Protein chains: 2
Amino acid sequence: MTTGTAPSASNKQRVLVIDDDRKLCRLIADYLGQLGYEVRAVHTGPEGVKAASDEQWHAVILDLMLPGMDGFEVLKQIRKTNDVPVLMLTARGDEADRIVGLEIGADDYLPKTFSSRELLARLRAVTRRVSRIAADTHDSAKVVVVGTLHVNADTRTAVLGDKPLVLTPVEFDLLWTLASAKGRVKTREQLLDQIRDREYEVFDRSVDVHISALRKKLGDDSKNPRFIRTLRSAGYMLINPDA
Amino acid sequence: MTTGTAPSASNKQRVLVIDDDRKLCRLIADYLGQLGYEVRAVHTGPEGVKAASDEQWHAVILDLMLPGMDGFEVLKQIRKTNDVPVLMLTARGDEADRIVGLEIGADDYLPKTFSSRELLARLRAVTRRVSRIAADTHDSAKVVVVGTLHVNADTRTAVLGDKPLVLTPVEFDLLWTLASAKGRVKTREQLLDQIRDREYEVFDRSVDVHISALRKKLGDDSKNPRFIRTLRSAGYMLINPDA
DNA sequence: GAAAATTGTTAAGGATTCGTAAAGCCTAGG
DNA sequence: CCTAGGCTTTACGAATCCTTAACAATTTTC
């Protein structure tokens with residue numbers, strides 16, 4: 001019996017905040033953290049783009065006024081690889097910005113002077129819309145992209161560049177599990193849990209063997225991996241090679 | 001099941017406006033009309049609920065201040081049968097209303113003093129994700145076409161090329177289930193759920209047997225299938241042979 | 001630097017999964 | 001009660017592949 005469709009590792013909603021105002025970040029993180037969200041804040045545009053493409057998020061909160069790379073540019077970069085819902089932070093009443101933002105693919109905006117309740121309401125509205133639509137179309141965005149690697153849980157296929165990979169069932173489940181947690185470690189125990197209905201014993205090497213096979217098919221070198229990194233005495237992690 | 005995302009006869013975007021302010025309705029209709037939208041306005045809550053459930057809309061613009069039935073109630077009624085994107089019209093700055101609206105299922109709001117550009121931007125933002133995702137899933141269609149195979153749920157018939165297929169009830173249900181999820185895996189459990197009121201046990205082979213029968217009637221070779229592909233340890237998938 | 005711990009890799013058989021034929025079983029209609 | 005059609009179960013062969021065991025390579029510990 002395969003699980004295969006588990007969308008994410010934990011069931012916490014993961015929110016990425018991109019804002020150079022650390023105080024505001026802290027505020028948001030505290031408030032959402034209390035409510036059971038998992039929040040990470042980064043403070044520059046490039047960091048934000050990287051985080052958005054390296055890991056899986058349920059929503060992104062993006063400040064339009066960033067030093068260096070401007071918020072619109074960040075949004076555009078994110079949209080190149082990602083359909084994650086994006087909430088823009090704009091100055092209250094700055095209608096032009098909001099319009100441009102919405103037109104290039106933001107999902108909503110939040111006035112800089114938002115109340116915590118409004119933040120929560122908008123976050124919920126925006127993620128609800130996504131899940132509602134996903135439920136409607138029976139298409140729960142089951143694709144994860146990591147660099148040139150595309151993993152599709154609907155068709156259970158993986159494509160590297162333009163070459164489809166021929167994977168065994170467990171290899172695919174393993175890759176999917178790693179992909180939906182890209183940028184975060186997965187222990188052997190978690191992996192075995194997800195891909196197989198089996199107890200994990202400390203001397204169990206089967207995960208290692210499958211990883212080895214996977215790496216071979218990915219053209220990955222275990223000593224200097226582009227995709228699957230080993231974290232000694234911890235587990236494995238799928239990483240974004242262009243970073 | 002209604003969705004509000006189904007394409008209408010014309011490819012015009014259809015927008016329903018629910019507002020007792022006829023002047024404002026006219027304004028919206030004119031502006032959106034120029035841009036190729038098809039707009040209909042109704043001026044009471046009950047009319048709005050009826051129109052929303054009777055017809056397919058791409059978006060609804062809803063005034064919260066309605067005589068008689070209040071806007072929130074209208075929204076709740078609509079949400080009972082319908083997932084169409086809803087834009088609320090609220091007084092500028094009335095944060096409490098906006099939050100309540102978002103919480104009971106609105107997708108966005110529009111200040112009463114909106115500019116035409118902002119209206120358009122929000123309309124687009126709200127429908128963009130829907131159309132993006134729903135583009136290739138005609139989920140209310142009663143006919144699915146896969147290459148030369150046509151499956152019709154209304155008549156419960158399937159035709160391959162010009163030859164009608166003679167299917168047993170379960171075979172048809174199975175084919176229909178696969179057809180309405182074409183291009184995506186269905187597990188044996190899901191298939192059994194849909195076609196039969198029966199528990200799935202791991203040693204249950206009846207799905208396999210029906211698939212085998214279906215393939216025979218489809219002239220399909222299980223090792224190199226044109227229609228029904230086996231995904232080992234996962235399930236079955238209907239594929240488009242010319243793709 | 002040696003020993004211990006951890007991970008990488010390979011190859012082989014034992015286990016799983018699947019396709020399909022045939023037998024058994026159930027139900028509706030005579 | 002019998003029949004016929006259809007669904008499920010059983011059985012077995014074939015193909016695939018998962019685990020285990022063994023050894024090599026690497027890193028950490030002492």
# chains A, B, ... in the order shown; residues from 1 in each chain; ligands from 1
>>> calpha_fit_rmsd(fixed="chain B", moving="chain A")
16.7 Å
>>> closest_atom_pairs(of="chain B", to="chain D", cutoff="9 Å", atoms="only C-alpha atoms (C1' of nucleotides)", output="tab-separated table")
residue	atom	partner	partner_atom	distance
B:Thr168	CA	D:DG6	C1'	7.5
B:Pro169	CA	D:DG6	C1'	8.9
B:Val170	CA	D:DC7	C1'	8.5
B:Asp204	CA	D:DT9	C1'	8.6
B:Arg205	CA	D:DT9	C1'	8.1
B:Ser206	CA	D:DT8	C1'	6.2
>>> residues_around(residues="Ser115 of chain A", least_positions_apart="6", cutoff="12 Å", atoms="only C-alpha atoms (C1' of nucleotides)", output="count of residues only")
9
>>> select_by_dssp(residues="segment 9-225 of chain B", states="strand (DSSP E or B)", output="PyMOL selection string")
chain B and resi 14-18+38-42+59-63+86-90+108-111+143-146+149-152+157-160+163-165+186
>>> closest_atom_pairs(of="chain C", to="chain A", cutoff="9 Å", atoms="only C-alpha atoms (C1' of nucleotides)", output="tab-separated table")
residue	atom	partner	partner_atom	distance
C:DT6	C1'	A:Ser233	CA	7.1
C:DT7	C1'	A:Asp208	CA	7.7
C:DG8	C1'	A:Ser212	CA	7.1
C:DT9	C1'	A:Ser212	CA	7.3
>>> write_last_selection(atoms="C-alpha atoms (C1' of nucleotides)", output="PDB file, in the first residue's frame")
ATOM      1  C1'  DT C   6      28.031   5.736   9.450  1.00  0.00           C
ATOM      2  C1'  DT C   7      27.120   5.624   4.703  1.00  0.00           C
ATOM      3  C1'  DG C   8      27.728   3.960  -0.458  1.00  0.00           C
ATOM      4  C1'  DT C   9      27.204   0.243  -3.571  1.00  0.00           C
TER       5       DT C   9
END
>>> residues_around(residues="Thr127 of chain B", least_positions_apart="6", cutoff="8 Å", atoms="only C-alpha atoms (C1' of nucleotides)", output="ChimeraX atom specification")
/B:58-59,85
>>> select_by_dssp(residues="segment 12-176 of chain B", states="helix (DSSP H, G or I)", output="PyMOL selection string")
chain B and resi 22-34+45-54+71-81+95-103+116-134+169-176
>>> interface_residues(of="chain A", to="chain B", cutoff="6 Å", atoms="only C-alpha atoms", output="VMD selection string")
chain A and resid 99 102 to 103 121 125 154 to 155
>>> atom_distance(atom1="atom CA of Tyr37 of chain B", atom2="atom CA of Lys112 of chain B")
20.3 Å
>>> atom_distance(atom1="atom CA of Arg79 of chain B", atom2="atom CA of Met65 of chain B")
18.1 Å
>>> decode(residues="segment 39-80 of chain B", atoms="N, CA and C atoms", output="compact mmCIF listing (two decimals), in the first residue's frame")
# COMPACT_ATOMS: atom_id res chain seq x y z
N VAL B 39 -22.03 41.16 -18.63
CA VAL B 39 -22.41 41.54 -17.27
C VAL B 39 -23.92 41.45 -17.10
N ARG B 40 -24.34 40.89 -15.98
CA ARG B 40 -25.75 41.01 -15.66
C ARG B 40 -25.86 41.58 -14.25
N ALA B 41 -26.84 42.48 -14.07
CA ALA B 41 -27.03 43.08 -12.76
C ALA B 41 -28.40 42.69 -12.22
N VAL B 42 -28.45 42.35 -10.94
CA VAL B 42 -29.72 42.19 -10.25
C VAL B 42 -29.67 43.07 -9.01
N HIS B 43 -30.85 43.41 -8.47
CA HIS B 43 -30.87 44.48 -7.49
C HIS B 43 -31.36 44.07 -6.11
N THR B 44 -31.62 42.78 -5.92
CA THR B 44 -32.00 42.32 -4.58
C THR B 44 -31.23 41.05 -4.24
N GLY B 45 -31.17 40.76 -2.95
CA GLY B 45 -30.46 39.58 -2.49
C GLY B 45 -31.02 38.29 -3.06
N PRO B 46 -32.30 38.04 -2.89
CA PRO B 46 -32.87 36.79 -3.39
C PRO B 46 -32.65 36.58 -4.89
N GLU B 47 -32.84 37.65 -5.64
CA GLU B 47 -32.54 37.56 -7.08
C GLU B 47 -31.10 37.12 -7.30
N GLY B 48 -30.21 37.70 -6.50
CA GLY B 48 -28.79 37.38 -6.65
C GLY B 48 -28.49 35.92 -6.37
N VAL B 49 -29.06 35.42 -5.26
CA VAL B 49 -28.84 34.02 -4.90
C VAL B 49 -29.34 33.12 -6.02
N LYS B 50 -30.52 33.47 -6.52
CA LYS B 50 -31.11 32.63 -7.57
C LYS B 50 -30.23 32.64 -8.82
N ALA B 51 -29.83 33.83 -9.24
CA ALA B 51 -29.02 33.95 -10.45
C ALA B 51 -27.70 33.21 -10.28
N ALA B 52 -27.14 33.31 -9.08
CA ALA B 52 -25.84 32.66 -8.85
C ALA B 52 -25.95 31.15 -8.94
N SER B 53 -27.10 30.62 -8.50
CA SER B 53 -27.19 29.17 -8.51
C SER B 53 -27.78 28.64 -9.83
N ASP B 54 -28.53 29.50 -10.53
CA ASP B 54 -29.14 29.04 -11.78
C ASP B 54 -28.17 29.01 -12.95
N GLU B 55 -27.21 29.90 -12.90
CA GLU B 55 -26.33 30.02 -14.07
C GLU B 55 -24.87 29.93 -13.67
N GLN B 56 -24.06 29.82 -14.67
CA GLN B 56 -22.62 29.75 -14.44
C GLN B 56 -22.01 31.13 -14.59
N TRP B 57 -21.27 31.56 -13.58
CA TRP B 57 -20.60 32.85 -13.62
C TRP B 57 -19.12 32.69 -13.38
N HIS B 58 -18.38 33.60 -13.93
CA HIS B 58 -16.94 33.58 -13.67
C HIS B 58 -16.61 34.36 -12.41
N ALA B 59 -17.47 35.31 -12.08
CA ALA B 59 -17.26 36.07 -10.86
C ALA B 59 -18.57 36.77 -10.47
N VAL B 60 -18.68 37.05 -9.17
CA VAL B 60 -19.84 37.79 -8.67
C VAL B 60 -19.34 39.02 -7.93
N ILE B 61 -19.94 40.16 -8.22
CA ILE B 61 -19.64 41.37 -7.46
C ILE B 61 -20.85 41.67 -6.58
N LEU B 62 -20.63 41.70 -5.28
CA LEU B 62 -21.74 41.73 -4.34
C LEU B 62 -21.65 42.92 -3.40
N ASP B 63 -22.68 43.74 -3.41
CA ASP B 63 -22.76 44.84 -2.46
C ASP B 63 -23.19 44.30 -1.09
N LEU B 64 -22.51 44.76 -0.07
CA LEU B 64 -22.88 44.28 1.27
C LEU B 64 -24.12 44.98 1.80
N MET B 65 -24.39 46.19 1.30
CA MET B 65 -25.53 46.96 1.79
C MET B 65 -26.70 46.79 0.85
N LEU B 66 -27.52 45.80 1.14
CA LEU B 66 -28.66 45.56 0.27
C LEU B 66 -29.94 45.74 1.08
N PRO B 67 -30.98 46.25 0.46
CA PRO B 67 -32.26 46.32 1.16
C PRO B 67 -32.81 44.91 1.31
N GLY B 68 -33.47 44.64 2.38
CA GLY B 68 -34.01 43.29 2.58
C GLY B 68 -32.93 42.37 3.08
N MET B 69 -32.58 41.41 2.27
CA MET B 69 -31.57 40.44 2.69
C MET B 69 -30.18 41.08 2.68
N ASP B 70 -29.47 40.92 3.77
CA ASP B 70 -28.17 41.57 3.89
C ASP B 70 -27.09 40.80 3.12
N GLY B 71 -26.07 41.52 2.73
CA GLY B 71 -25.06 40.96 1.85
C GLY B 71 -24.38 39.71 2.38
N PHE B 72 -24.14 39.66 3.68
CA PHE B 72 -23.50 38.48 4.25
C PHE B 72 -24.37 37.25 4.07
N GLU B 73 -25.67 37.47 4.25
CA GLU B 73 -26.59 36.36 4.10
C GLU B 73 -26.58 35.87 2.65
N VAL B 74 -26.55 36.81 1.73
CA VAL B 74 -26.50 36.45 0.32
C VAL B 74 -25.26 35.60 0.05
N LEU B 75 -24.13 36.07 0.58
CA LEU B 75 -22.89 35.34 0.38
C LEU B 75 -22.99 33.92 0.93
N LYS B 76 -23.54 33.80 2.12
CA LYS B 76 -23.67 32.46 2.72
C LYS B 76 -24.52 31.54 1.85
N GLN B 77 -25.63 32.11 1.36
CA GLN B 77 -26.51 31.31 0.50
C GLN B 77 -25.79 30.86 -0.76
N ILE B 78 -25.07 31.80 -1.35
CA ILE B 78 -24.34 31.46 -2.57
C ILE B 78 -23.34 30.34 -2.29
N ARG B 79 -22.65 30.47 -1.16
CA ARG B 79 -21.61 29.50 -0.85
C ARG B 79 -22.16 28.10 -0.57
N LYS B 80 -23.46 28.03 -0.30
CA LYS B 80 -24.04 26.72 -0.05
C LYS B 80 -24.00 25.86 -1.31
